[in-house]
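Notes to accompany the following structure.
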Amino acid sequence: MSNFLNKYYSLHILTVDDDTWSPPSESDMKILRARRERQDKISRMMGDYLLKGYRMLGESCDMCGTILLQDRQKKLLCISCQELDSDTEKDNPVLNPQAALSQVREHQLSLQDNPVPDVPAAVTSVPIPDSGPVNAVVSFSVPNAIVSAENELLEKMSWATHQLKETSSVEYSSQLCTLIGSCAQSLKSLRELKH
């Protein structure tokens, strides 16, 4: 039997030259760990539901491929779509207004720890001429506001990149990637405004 397996692996699985193989990167390992953790959680939850009287069906969910369960009233249940995804949705500020409000509060608290002056320095240092247009003050403050916004976006991208390296959660990684993409798009728009 082992002879058969050796031939099978050599013919079907190990078709790539051994010299080109490299170990998985740290990010690949994080993704694999996150998938394993998610599958373990699904398995634990399935076990709990089976103990409650649910039946495991020979069918899988069309959306995610997870094995479906059925309760005594013949209602179908997908652990992944209905249980796990609903847990992540409640913490996602894009999908849940309560999570967004909590994120805004956290941001406000962090600003209280590091107070930022309300008026940019360029506006306070430019005297307002009595006879000149008021738009002169605004034109001096806009470049400074753009530079300030760029700095904040770069800082936020740096923070998100660091968090991305540290996390093993697929959902959190996805949110961080979305944040990084939004920051990059905003930076591009700000730089177009400058020119």
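In the structure tokens, the first chain shown is A, the next is B, and so on; residue numbers restart at 1 for each chain, and ligands run from 1 in the order shown.
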
*Could you give me, as a VMD selection string, the residues within 7 Å of range 166-175 of chain A, counting only C-alpha atoms and dropping anything in the same chain fewer than 4 positions from it?*
chain A and resid 30 to 31 33 to 34 162 179

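Counting only C-alpha atoms, the residue from A:Leu164, A:Leu68, A:Trp159, A:Lys75 that sits nearest to Ser43 in chain A is A:Leu68.
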
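When only C-alpha atoms are used to compute distances to Gly181 in chain A, the closest of the residues A:Gln39, A:Ala160, A:Lys194, A:Glu150 turns out to be A:Ala160.
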
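Here CA of Ala149 in chain A is placed at a distance of 11.0 Å from CA of Ser189 in chain A.
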
*Would you mind reading off the distance between CA of Met29 in chain A and CA of Ile42 in chain A, one decimal, in Å?*
19.8 Å

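Pairwise distance (CA of Met157 in chain A, CA of Pro24 in chain A) equals 25.1 Å.
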